[in-house]
Amino acid sequence: AARVITDHLRALVFTFAEGVRPSNEGRGYVVRRLLRRAARLGRHAGIEGTFLARLVPTVVAQMAAYEEYAYLATEQAAIAAAVQEEEERFSETLGQGVARFDQTADALERTRRKEFPGDVAFTLYDTYGFPIDITVEMAKERGMTVDLAAYEAAMEEQRDRARRAGKFETRRADAAPWVTVTKGDHSAFVGYDEWSVDGVTLRDWREFRDADAAGGPRLIEFTLDRTPFYAEGGGQVGDTGWVERTEAPRTRLRVVDTVRDGDRILHRAEVIEGEPVAGSYRAAVDAETRAATQRNHTATHLLHAALRERLGAHLKQAGSLVAPDRLRFDFSHGKALSPDELLDIERAVHQRILGDLPVTTEITSLREAQERGAMALFGEKYGERVRQVIVGDYSRELCGGCHVRRTGEIGYFRIESEQAVASGTRRVEAVTGALAYRHAEEDRALLRDLAQRMGASRDALSERVSVLQEEAKTLREAHKKQSKDALRDRVRALASEAKAATPRLVIAEVEAGSVDELRAAGDVIRQELPDGGGLLAAVIDGKLSVAAAVGPDAVARLQADAWVRDAVSVAGGKGGGKKDAAVAGAKEAGKLKPVLERGRGYAAERLGGENGAA
């Protein structure tokens, strides 16, 4: 166990240092399996509680002694925090999962069976987070094997359910066979410099969706000998535009997406006119959309550099989206960014935009690019020659996407949101250019409107809002006290009436601003009716709330917690508390009266009689 833990932890330190975080797919799943196996073996070896994060400094100290691994020292805190968080998450279900495994294994041993059921192995994975190799290892420790065929069958059944429940369907499997139009080289991308190209040749195409069969436009996929259309990749969305035959018979294809399939650039298009036949074509990218996409792509590189500059070099890219209308950047970081940090990052990006820095590219070997400081994405596959995108002396990244010529073309950059998207992963969304300016104009118009409504200048608006908030708080507290006092007075009056009845009960619908007010009213009932009780119901925030109170002399015959649970059962509610005071709730506010009637009968049966103030 010690050897496996040592090996796995070393792997975790290096992968976490590269920005990889545990997840349910891809490299993140491999990391999760390593960590959970190490954590399970630690428990098996007698280590109590989480322990892997405590060993991270030891690994770093030993490995960082080598010059090429010195960077681990700067990543140590982030690595330890991420390891601790994932191990804590697994430890919450580890005990339950082991107990379920042991229960099944014990039953098998009693019947002398040696094969662990595949459906139980799947439950351990699906419910308790046990990767299958952990279950196999645990079974082996007890001299058993796992029915992997049944496990895979259960896994495939889950995948089928997920596919059926998915919002999107792939239509590629329904595509017709390819039709060859001309032969020769294909998919030469010329779109970095040319957005419109004449004299291109259609190589092949296939029906992607038949208009008559699907009830929509006819869709085809096709390749060209050369194309200005950028295929989706590196976070950048595929280009749209037009491909038109420039001679009779006329053919017009509206490209709605561009994707890559191996070494092929596939243009997905609606057939607007004619048929995809041989001839000379003109291929033109939607210039406005491409320009907006390029602004966002270069801004993403500036954002990446600004984040690392402000937050530290430990920050690693975890994904991105570059579209015409927005950019999205995911990165490894353990906590939310403060307003000041976001403002500093925005300012750093704007400084480079206003500096109108040149954006250039270089084609070099991967090693040469890395020696020059180019950032590469962990897990990405790079060829022998790579393309670097260089923004002045501020940013250098390996990237095959499309960019502006100078940063001044971006115009304006604006962060719209920052949030967590996964454990240890944050996301920034932003806009640029005309859209960013429009959002700023909308904010300015909103400020003018608010200032006018508040009767204050823009500079005094914040102070005015603070004054109004204090006034509102004072009014709310006064209203709350008034409401609470009014409820107490009403309940006190009802309790006085109930003293003349047998049993002494208050069963009433009341107005209350909170459950705490109902509880306080119940205190009045216990004081006023020591040998009786009360059931109070109110609709609070659209939901039914009920409080039960029982006096000290009646609690032996009537318990508040059982009383309130029985009452709200007719409305599908639930609750609980103590024998003398309890509360419950239900979503069906319309069943308030049936709840009170059931409560009246329940209490009368135990205290005797049928009366009570209402």
# chains A, B, ... in the order shown; residues from 1 in each chain; ligands from 1
>>> closest_atom_pairs(of="stretch 60-117 of chain A", to="stretch 17-38 of chain A", cutoff="10 Å", atoms="only C-alpha atoms", output="CSV")
residue,atom,partner,partner_atom,distance
A:Tyr71,CA,A:Ala17,CA,8.6
A:Leu72,CA,A:Ala17,CA,6.7
A:Ala73,CA,A:Ala17,CA,9.6
A:Thr74,CA,A:Ala17,CA,9.1
A:Glu75,CA,A:Ala17,CA,5.9
A:Gln76,CA,A:Ala17,CA,7.9
A:Ala78,CA,A:Ala17,CA,8.0
A:Ile79,CA,A:Ala17,CA,6.4
A:Ala82,CA,A:Arg21,CA,7.6
A:Val83,CA,A:Leu35,CA,7.9
A:Glu86,CA,A:Pro22,CA,7.4
A:Glu87,CA,A:Arg36,CA,7.1
A:Arg89,CA,A:Arg36,CA,9.9
A:Phe90,CA,A:Arg36,CA,6.9
A:Ser91,CA,A:Arg36,CA,8.9
A:Leu94,CA,A:Arg36,CA,9.1
>>> write_last_selection(atoms="N, CA, C and O atoms", output="PDB file, in the first residue's frame")
ATOM      1  N   TYR A  71       9.875  24.398 -10.427  1.00  0.00           N
ATOM      2  CA  TYR A  71       8.591  25.099 -10.495  1.00  0.00           C
ATOM      3  C   TYR A  71       7.554  24.496  -9.550  1.00  0.00           C
ATOM      4  O   TYR A  71       6.554  25.147  -9.201  1.00  0.00           O
ATOM      5  N   LEU A  72       7.755  23.255  -9.101  1.00  0.00           N
ATOM      6  CA  LEU A  72       6.781  22.616  -8.206  1.00  0.00           C
ATOM      7  C   LEU A  72       6.631  23.394  -6.903  1.00  0.00           C
ATOM      8  O   LEU A  72       5.558  23.398  -6.297  1.00  0.00           O
ATOM      9  N   ALA A  73       7.701  24.048  -6.471  1.00  0.00           N
ATOM     10  CA  ALA A  73       7.646  24.780  -5.200  1.00  0.00           C
ATOM     11  C   ALA A  73       6.614  25.899  -5.241  1.00  0.00           C
ATOM     12  O   ALA A  73       5.913  26.152  -4.247  1.00  0.00           O
ATOM     13  N   THR A  74       6.497  26.569  -6.388  1.00  0.00           N
ATOM     14  CA  THR A  74       5.521  27.663  -6.488  1.00  0.00           C
ATOM     15  C   THR A  74       4.093  27.132  -6.586  1.00  0.00           C
ATOM     16  O   THR A  74       3.135  27.870  -6.331  1.00  0.00           O
ATOM     17  N   GLU A  75       3.930  25.872  -6.965  1.00  0.00           N
ATOM     18  CA  GLU A  75       2.606  25.280  -7.127  1.00  0.00           C
ATOM     19  C   GLU A  75       2.142  24.522  -5.884  1.00  0.00           C
ATOM     20  O   GLU A  75       1.006  24.051  -5.828  1.00  0.00           O
ATOM     21  N   GLN A  76       3.023  24.399  -4.877  1.00  0.00           N
ATOM     22  CA  GLN A  76       2.754  23.497  -3.760  1.00  0.00           C
ATOM     23  C   GLN A  76       1.428  23.783  -3.057  1.00  0.00           C
ATOM     24  O   GLN A  76       0.632  22.862  -2.814  1.00  0.00           O
ATOM     25  N   ALA A  78      -1.305  25.330  -4.075  1.00  0.00           N
ATOM     26  CA  ALA A  78      -2.465  25.035  -4.918  1.00  0.00           C
ATOM     27  C   ALA A  78      -2.670  23.527  -5.054  1.00  0.00           C
ATOM     28  O   ALA A  78      -3.802  23.037  -5.042  1.00  0.00           O
ATOM     29  N   ILE A  79      -1.573  22.776  -5.189  1.00  0.00           N
ATOM     30  CA  ILE A  79      -1.663  21.314  -5.309  1.00  0.00           C
ATOM     31  C   ILE A  79      -2.262  20.723  -4.036  1.00  0.00           C
ATOM     32  O   ILE A  79      -3.188  19.904  -4.079  1.00  0.00           O
ATOM     33  N   ALA A  82      -6.000  21.409  -3.661  1.00  0.00           N
ATOM     34  CA  ALA A  82      -6.827  20.632  -4.588  1.00  0.00           C
ATOM     35  C   ALA A  82      -6.890  19.166  -4.165  1.00  0.00           C
ATOM     36  O   ALA A  82      -7.947  18.534  -4.240  1.00  0.00           O
ATOM     37  N   VAL A  83      -5.758  18.603  -3.716  1.00  0.00           N
ATOM     38  CA  VAL A  83      -5.727  17.211  -3.253  1.00  0.00           C
ATOM     39  C   VAL A  83      -6.618  17.046  -2.022  1.00  0.00           C
ATOM     40  O   VAL A  83      -7.400  16.093  -1.911  1.00  0.00           O
ATOM     41  N   GLU A  86     -10.427  17.116  -2.967  1.00  0.00           N
ATOM     42  CA  GLU A  86     -10.905  15.892  -3.610  1.00  0.00           C
ATOM     43  C   GLU A  86     -10.928  14.721  -2.628  1.00  0.00           C
ATOM     44  O   GLU A  86     -11.863  13.917  -2.642  1.00  0.00           O
ATOM     45  N   GLU A  87      -9.928  14.629  -1.767  1.00  0.00           N
ATOM     46  CA  GLU A  87      -9.905  13.521  -0.804  1.00  0.00           C
ATOM     47  C   GLU A  87     -11.046  13.654   0.202  1.00  0.00           C
ATOM     48  O   GLU A  87     -11.671  12.656   0.586  1.00  0.00           O
ATOM     49  N   ARG A  89     -13.914  15.025  -0.399  1.00  0.00           N
ATOM     50  CA  ARG A  89     -15.146  14.673  -1.123  1.00  0.00           C
ATOM     51  C   ARG A  89     -15.311  13.151  -1.168  1.00  0.00           C
ATOM     52  O   ARG A  89     -16.403  12.626  -0.976  1.00  0.00           O
ATOM     53  N   PHE A  90     -14.221  12.434  -1.424  1.00  0.00           N
ATOM     54  CA  PHE A  90     -14.291  10.981  -1.513  1.00  0.00           C
ATOM     55  C   PHE A  90     -14.509  10.359  -0.133  1.00  0.00           C
ATOM     56  O   PHE A  90     -15.226   9.359   0.002  1.00  0.00           O
ATOM     57  N   SER A  91     -13.901  10.950   0.900  1.00  0.00           N
ATOM     58  CA  SER A  91     -14.004  10.369   2.241  1.00  0.00           C
ATOM     59  C   SER A  91     -15.429  10.384   2.757  1.00  0.00           C
ATOM     60  O   SER A  91     -15.796   9.587   3.622  1.00  0.00           O
ATOM     61  N   LEU A  94     -16.645   7.150   1.256  1.00  0.00           N
ATOM     62  CA  LEU A  94     -15.751   5.990   1.293  1.00  0.00           C
ATOM     63  C   LEU A  94     -16.231   4.950   2.293  1.00  0.00           C
ATOM     64  O   LEU A  94     -16.329   3.754   1.976  1.00  0.00           O
TER      65      LEU A  94
END
>>> closest_residue(among="A:Trp205, A:Tyr230, A:Phe331, A:Trp195", to="A:Val285", atoms="only C-alpha atoms")
A:Trp195
>>> residues_around(residues="stretch 259-270 of chain A", least_positions_apart="6", cutoff="10 Å", atoms="only C-alpha atoms", output="JSON, numbers by chain")
{"A": [186, 187, 188, 189, 204, 205, 206, 207, 208, 209, 211, 216, 217, 218, 219, 220, 221, 222, 223, 224, 225, 226, 227, 229, 230, 231, 232, 233, 237, 238, 239, 240, 241, 242, 243, 252, 253]}
>>> write_last_selection(atoms="N, CA and C atoms", output="short mmCIF file (atom, residue, chain, number, x, y, z; two decimals), in the first residue's frame")
data_model
loop_
_atom_site.label_atom_id
_atom_site.label_comp_id
_atom_site.auth_asym_id
_atom_site.auth_seq_id
_atom_site.Cartn_x
_atom_site.Cartn_y
_atom_site.Cartn_z
N HIS A 186 -6.97 18.49 -50.73
CA HIS A 186 -8.15 19.18 -50.21
C HIS A 186 -7.82 19.85 -48.88
N SER A 187 -8.70 20.71 -48.45
CA SER A 187 -8.69 21.30 -47.12
C SER A 187 -7.47 22.14 -46.81
N ALA A 188 -6.89 22.80 -47.80
CA ALA A 188 -5.80 23.75 -47.54
C ALA A 188 -6.40 25.03 -46.96
N PHE A 189 -6.03 25.37 -45.73
CA PHE A 189 -6.62 26.54 -45.07
C PHE A 189 -5.84 27.80 -45.43
N ASP A 204 -15.60 16.80 -52.56
CA ASP A 204 -16.63 15.78 -52.36
C ASP A 204 -17.69 16.31 -51.42
N TRP A 205 -18.82 15.63 -51.35
CA TRP A 205 -19.91 16.06 -50.49
C TRP A 205 -20.78 14.86 -50.12
N ARG A 206 -21.60 15.07 -49.11
CA ARG A 206 -22.57 14.03 -48.75
C ARG A 206 -23.81 14.69 -48.15
N GLU A 207 -24.92 14.01 -48.32
CA GLU A 207 -26.18 14.49 -47.73
C GLU A 207 -26.07 14.32 -46.22
N PHE A 208 -26.33 15.39 -45.51
CA PHE A 208 -26.22 15.34 -44.06
C PHE A 208 -27.59 15.26 -43.41
N ARG A 209 -28.55 15.95 -44.03
CA ARG A 209 -29.93 15.83 -43.58
C ARG A 209 -30.83 16.16 -44.75
N ALA A 211 -34.07 17.41 -46.43
CA ALA A 211 -35.11 18.37 -46.04
C ALA A 211 -36.48 17.72 -45.95
N GLY A 216 -36.93 20.17 -42.39
CA GLY A 216 -36.16 21.40 -42.28
C GLY A 216 -35.37 21.62 -43.54
N PRO A 217 -34.44 22.55 -43.54
CA PRO A 217 -33.62 22.79 -44.73
C PRO A 217 -32.73 21.60 -45.05
N ARG A 218 -32.39 21.45 -46.30
CA ARG A 218 -31.51 20.37 -46.73
C ARG A 218 -30.08 20.73 -46.33
N LEU A 219 -29.44 19.83 -45.61
CA LEU A 219 -28.07 20.07 -45.14
C LEU A 219 -27.11 19.10 -45.82
N ILE A 220 -25.94 19.62 -46.21
CA ILE A 220 -24.89 18.77 -46.75
C ILE A 220 -23.58 19.12 -46.07
N GLU A 221 -22.61 18.20 -46.17
CA GLU A 221 -21.23 18.46 -45.77
C GLU A 221 -20.37 18.34 -47.01
N PHE A 222 -19.36 19.21 -47.13
CA PHE A 222 -18.50 19.12 -48.30
C PHE A 222 -17.09 19.61 -47.98
N THR A 223 -16.15 19.23 -48.82
CA THR A 223 -14.77 19.71 -48.69
C THR A 223 -14.40 20.48 -49.96
N LEU A 224 -13.43 21.39 -49.82
CA LEU A 224 -12.92 22.19 -50.93
C LEU A 224 -11.42 21.94 -51.07
N ASP A 225 -10.89 22.30 -52.24
CA ASP A 225 -9.44 22.15 -52.41
C ASP A 225 -8.70 23.12 -51.48
N ARG A 226 -9.21 24.32 -51.33
CA ARG A 226 -8.68 25.30 -50.38
C ARG A 226 -9.84 26.11 -49.84
N THR A 227 -9.71 26.61 -48.63
CA THR A 227 -10.85 27.24 -47.99
C THR A 227 -10.43 28.36 -47.04
N PHE A 229 -12.49 29.15 -44.62
CA PHE A 229 -13.31 28.87 -43.44
C PHE A 229 -12.49 28.16 -42.37
N TYR A 230 -12.47 28.75 -41.17
CA TYR A 230 -11.75 28.16 -40.04
C TYR A 230 -12.61 27.08 -39.41
N ALA A 231 -12.05 25.89 -39.25
CA ALA A 231 -12.77 24.78 -38.62
C ALA A 231 -12.66 24.88 -37.11
N GLU A 232 -13.76 24.63 -36.44
CA GLU A 232 -13.81 24.72 -34.98
C GLU A 232 -12.63 24.00 -34.34
N GLY A 233 -11.95 24.68 -33.43
CA GLY A 233 -10.81 24.08 -32.76
C GLY A 233 -10.11 25.09 -31.87
N VAL A 237 -14.93 28.93 -32.41
CA VAL A 237 -16.03 28.31 -33.14
C VAL A 237 -15.73 28.31 -34.64
N GLY A 238 -16.42 27.44 -35.37
CA GLY A 238 -16.22 27.36 -36.82
C GLY A 238 -16.84 28.55 -37.54
N ASP A 239 -16.26 28.89 -38.69
CA ASP A 239 -16.74 30.02 -39.49
C ASP A 239 -18.08 29.71 -40.16
N THR A 240 -18.79 30.78 -40.49
CA THR A 240 -20.00 30.71 -41.31
C THR A 240 -19.79 31.60 -42.53
N GLY A 241 -20.69 31.47 -43.51
CA GLY A 241 -20.55 32.30 -44.71
C GLY A 241 -21.25 31.67 -45.91
N TRP A 242 -20.69 31.91 -47.12
CA TRP A 242 -21.32 31.44 -48.35
C TRP A 242 -20.29 30.78 -49.28
N VAL A 243 -20.74 29.74 -49.98
CA VAL A 243 -19.98 29.14 -51.08
C VAL A 243 -20.92 29.12 -52.27
N ARG A 252 -25.92 27.80 -54.68
CA ARG A 252 -25.68 28.67 -53.51
C ARG A 252 -25.78 27.81 -52.25
N LEU A 253 -24.71 27.81 -51.47
CA LEU A 253 -24.63 27.04 -50.25
C LEU A 253 -24.33 27.98 -49.08
#
>>> select_by_dssp(residues="stretch 48-278 of chain A", states="strand (DSSP E or B)", output="PyMOL selection string")
chain A and resi 115-116+145-146+179-180+188-189+196-209+219-224+226-227+233+236+241-245+252-261+264-273
>>> closest_residue(among="A:Gly408, A:Pro249, A:Gly373, A:Pro117", to="A:Asp393", atoms="only C-alpha atoms")
A:Gly373
>>> residues_around(residues="stretch 436-451 of chain A", least_positions_apart="5", cutoff="12 Å", atoms="only C-alpha atoms", output="PyMOL selection string")
chain A and resi 292+295-296+324-327+410-416+429-431+456-465
>>> write_last_selection(atoms="N, CA, C and O atoms", output="short mmCIF file (atom, residue, chain, number, x, y, z; two decimals), in the first residue's frame")
data_model
loop_
_atom_site.label_atom_id
_atom_site.label_comp_id
_atom_site.auth_asym_id
_atom_site.auth_seq_id
_atom_site.Cartn_x
_atom_site.Cartn_y
_atom_site.Cartn_z
N ALA A 292 -15.43 39.82 -35.33
CA ALA A 292 -15.80 39.80 -33.91
C ALA A 292 -15.13 38.63 -33.20
O ALA A 292 -14.65 38.76 -32.06
N ARG A 295 -11.44 39.42 -32.57
CA ARG A 295 -11.27 40.34 -31.44
C ARG A 295 -11.33 39.56 -30.12
O ARG A 295 -10.52 39.77 -29.22
N ASN A 296 -12.32 38.66 -30.04
CA ASN A 296 -12.48 37.90 -28.80
C ASN A 296 -11.32 36.93 -28.58
O ASN A 296 -10.93 36.67 -27.44
N PRO A 324 -18.33 34.81 -31.74
CA PRO A 324 -18.46 36.19 -32.17
C PRO A 324 -19.04 37.10 -31.10
O PRO A 324 -18.71 38.29 -31.03
N ASP A 325 -19.92 36.55 -30.25
CA ASP A 325 -20.65 37.38 -29.30
C ASP A 325 -20.07 37.37 -27.89
O ASP A 325 -20.52 38.13 -27.03
N ARG A 326 -19.09 36.53 -27.63
CA ARG A 326 -18.53 36.47 -26.27
C ARG A 326 -17.27 35.63 -26.27
O ARG A 326 -16.99 34.91 -27.22
N LEU A 327 -16.55 35.71 -25.15
CA LEU A 327 -15.43 34.81 -24.92
C LEU A 327 -15.58 34.25 -23.51
O LEU A 327 -16.15 34.88 -22.62
N ILE A 410 -9.36 45.52 -31.01
CA ILE A 410 -10.31 44.97 -30.03
C ILE A 410 -11.25 46.07 -29.56
O ILE A 410 -12.43 45.82 -29.31
N GLY A 411 -10.75 47.27 -29.41
CA GLY A 411 -11.57 48.41 -29.07
C GLY A 411 -11.88 48.53 -27.60
O GLY A 411 -11.43 49.47 -26.93
N TYR A 412 -12.65 47.60 -27.08
CA TYR A 412 -13.11 47.70 -25.69
C TYR A 412 -13.26 46.29 -25.14
O TYR A 412 -13.73 45.38 -25.85
N PHE A 413 -12.89 46.10 -23.89
CA PHE A 413 -12.95 44.79 -23.24
C PHE A 413 -13.71 44.94 -21.93
O PHE A 413 -13.48 45.87 -21.17
N ARG A 414 -14.60 43.98 -21.66
CA ARG A 414 -15.44 44.12 -20.47
C ARG A 414 -15.73 42.72 -19.90
O ARG A 414 -16.27 41.86 -20.58
N ILE A 415 -15.36 42.50 -18.63
CA ILE A 415 -15.67 41.25 -17.95
C ILE A 415 -17.13 41.28 -17.51
O ILE A 415 -17.56 42.21 -16.82
N GLU A 416 -17.88 40.24 -17.91
CA GLU A 416 -19.30 40.18 -17.58
C GLU A 416 -19.57 39.35 -16.32
O GLU A 416 -20.50 39.65 -15.57
N GLU A 429 -16.25 35.20 -18.12
CA GLU A 429 -16.90 35.48 -19.39
C GLU A 429 -16.79 36.97 -19.67
O GLU A 429 -16.92 37.79 -18.76
N ALA A 430 -16.52 37.32 -20.92
CA ALA A 430 -16.29 38.72 -21.26
C ALA A 430 -16.78 39.00 -22.67
O ALA A 430 -17.05 38.07 -23.46
N VAL A 431 -16.90 40.28 -23.01
CA VAL A 431 -17.28 40.70 -24.35
C VAL A 431 -16.31 41.80 -24.79
O VAL A 431 -15.63 42.42 -23.97
N ALA A 456 -30.99 62.07 -6.96
CA ALA A 456 -29.60 62.33 -6.59
C ALA A 456 -28.74 62.33 -7.84
O ALA A 456 -29.09 61.73 -8.86
N SER A 457 -27.59 63.00 -7.77
CA SER A 457 -26.65 62.96 -8.88
C SER A 457 -25.98 61.60 -8.91
O SER A 457 -26.05 60.83 -7.94
N ARG A 458 -25.32 61.28 -10.02
CA ARG A 458 -24.66 59.99 -10.13
C ARG A 458 -23.61 59.82 -9.04
O ARG A 458 -23.46 58.74 -8.47
N ASP A 459 -22.87 60.88 -8.73
CA ASP A 459 -21.82 60.80 -7.71
C ASP A 459 -22.40 60.55 -6.32
O ASP A 459 -21.74 59.94 -5.47
N ALA A 460 -23.63 61.04 -6.09
CA ALA A 460 -24.24 60.88 -4.77
C ALA A 460 -25.18 59.69 -4.70
O ALA A 460 -25.81 59.45 -3.67
N LEU A 461 -25.26 58.92 -5.78
CA LEU A 461 -26.23 57.82 -5.85
C LEU A 461 -25.94 56.74 -4.81
O LEU A 461 -26.86 56.26 -4.14
N SER A 462 -24.69 56.36 -4.64
CA SER A 462 -24.35 55.32 -3.69
C SER A 462 -24.74 55.71 -2.27
O SER A 462 -25.31 54.91 -1.52
N GLU A 463 -24.45 56.97 -1.92
CA GLU A 463 -24.79 57.45 -0.58
C GLU A 463 -26.31 57.47 -0.39
O GLU A 463 -26.82 57.09 0.67
N ARG A 464 -27.02 57.88 -1.43
CA ARG A 464 -28.48 57.93 -1.35
C ARG A 464 -29.07 56.53 -1.16
O ARG A 464 -30.00 56.34 -0.37
N VAL A 465 -28.53 55.56 -1.87
CA VAL A 465 -29.01 54.19 -1.74
C VAL A 465 -28.75 53.67 -0.32
O VAL A 465 -29.60 52.99 0.27
#
>>> residues_around(residues="A:Asp561", least_positions_apart="6", cutoff="8 Å", atoms="only C-alpha atoms", output="PyMOL selection string")
chain A and resi 548+575-583
>>> write_last_selection(atoms="N, CA and C atoms", output="PDB file, in the first residue's frame")
ATOM      1  N   ALA A 548     -46.728  23.897  16.571  1.00  0.00           N
ATOM      2  CA  ALA A 548     -47.489  23.253  17.639  1.00  0.00           C
ATOM      3  C   ALA A 548     -46.827  23.559  18.971  1.00  0.00           C
ATOM      4  N   GLY A 575     -41.987  17.690   9.330  1.00  0.00           N
ATOM      5  CA  GLY A 575     -41.434  18.583  10.339  1.00  0.00           C
ATOM      6  C   GLY A 575     -41.067  17.818  11.582  1.00  0.00           C
ATOM      7  N   GLY A 576     -40.875  18.543  12.674  1.00  0.00           N
ATOM      8  CA  GLY A 576     -40.486  17.904  13.925  1.00  0.00           C
ATOM      9  C   GLY A 576     -40.047  18.942  14.935  1.00  0.00           C
ATOM     10  N   GLY A 577     -39.558  18.462  16.058  1.00  0.00           N
ATOM     11  CA  GLY A 577     -39.120  19.359  17.119  1.00  0.00           C
ATOM     12  C   GLY A 577     -39.091  18.633  18.443  1.00  0.00           C
ATOM     13  N   LYS A 578     -39.511  19.322  19.498  1.00  0.00           N
ATOM     14  CA  LYS A 578     -39.526  18.748  20.843  1.00  0.00           C
ATOM     15  C   LYS A 578     -40.952  18.370  21.239  1.00  0.00           C
ATOM     16  N   LYS A 579     -41.067  17.762  22.388  1.00  0.00           N
ATOM     17  CA  LYS A 579     -42.395  17.331  22.845  1.00  0.00           C
ATOM     18  C   LYS A 579     -43.299  18.511  23.182  1.00  0.00           C
ATOM     19  N   ASP A 580     -42.694  19.654  23.562  1.00  0.00           N
ATOM     20  CA  ASP A 580     -43.525  20.799  23.925  1.00  0.00           C
ATOM     21  C   ASP A 580     -43.583  21.873  22.839  1.00  0.00           C
ATOM     22  N   ALA A 581     -42.736  21.789  21.829  1.00  0.00           N
ATOM     23  CA  ALA A 581     -42.741  22.793  20.759  1.00  0.00           C
ATOM     24  C   ALA A 581     -42.160  22.184  19.489  1.00  0.00           C
ATOM     25  N   ALA A 582     -42.878  22.341  18.381  1.00  0.00           N
ATOM     26  CA  ALA A 582     -42.421  21.775  17.107  1.00  0.00           C
ATOM     27  C   ALA A 582     -42.990  22.595  15.958  1.00  0.00           C
ATOM     28  N   VAL A 583     -42.333  22.497  14.806  1.00  0.00           N
ATOM     29  CA  VAL A 583     -42.790  23.208  13.606  1.00  0.00           C
ATOM     30  C   VAL A 583     -42.749  22.250  12.423  1.00  0.00           C
TER      31      VAL A 583
END
>>> residues_around(residues="stretch 349-359 of chain A", least_positions_apart="3", cutoff="9 Å", atoms="only C-alpha atoms", output="MDAnalysis selection string")
chainID A and resid 298:299 302:303 305:306 344:346 389:394 403:413
>>> atom_distance(atom1="atom CA of A:His314", atom2="atom CA of A:Cys399")
20.3 Å
>>> atom_distance(atom1="atom CA of A:Val56", atom2="atom CA of A:Thr93")
23.1 Å
>>> residues_around(residues="A:Asp531", least_positions_apart="3", cutoff="12 Å", atoms="only C-alpha atoms", output="PyMOL selection string")
chain A and resi 495+498-499+501-506+525-528+534+549-558+580+607-608
>>> atom_distance(atom1="atom CA of A:Arg43", atom2="atom CA of A:Ala2")
11.2 Å
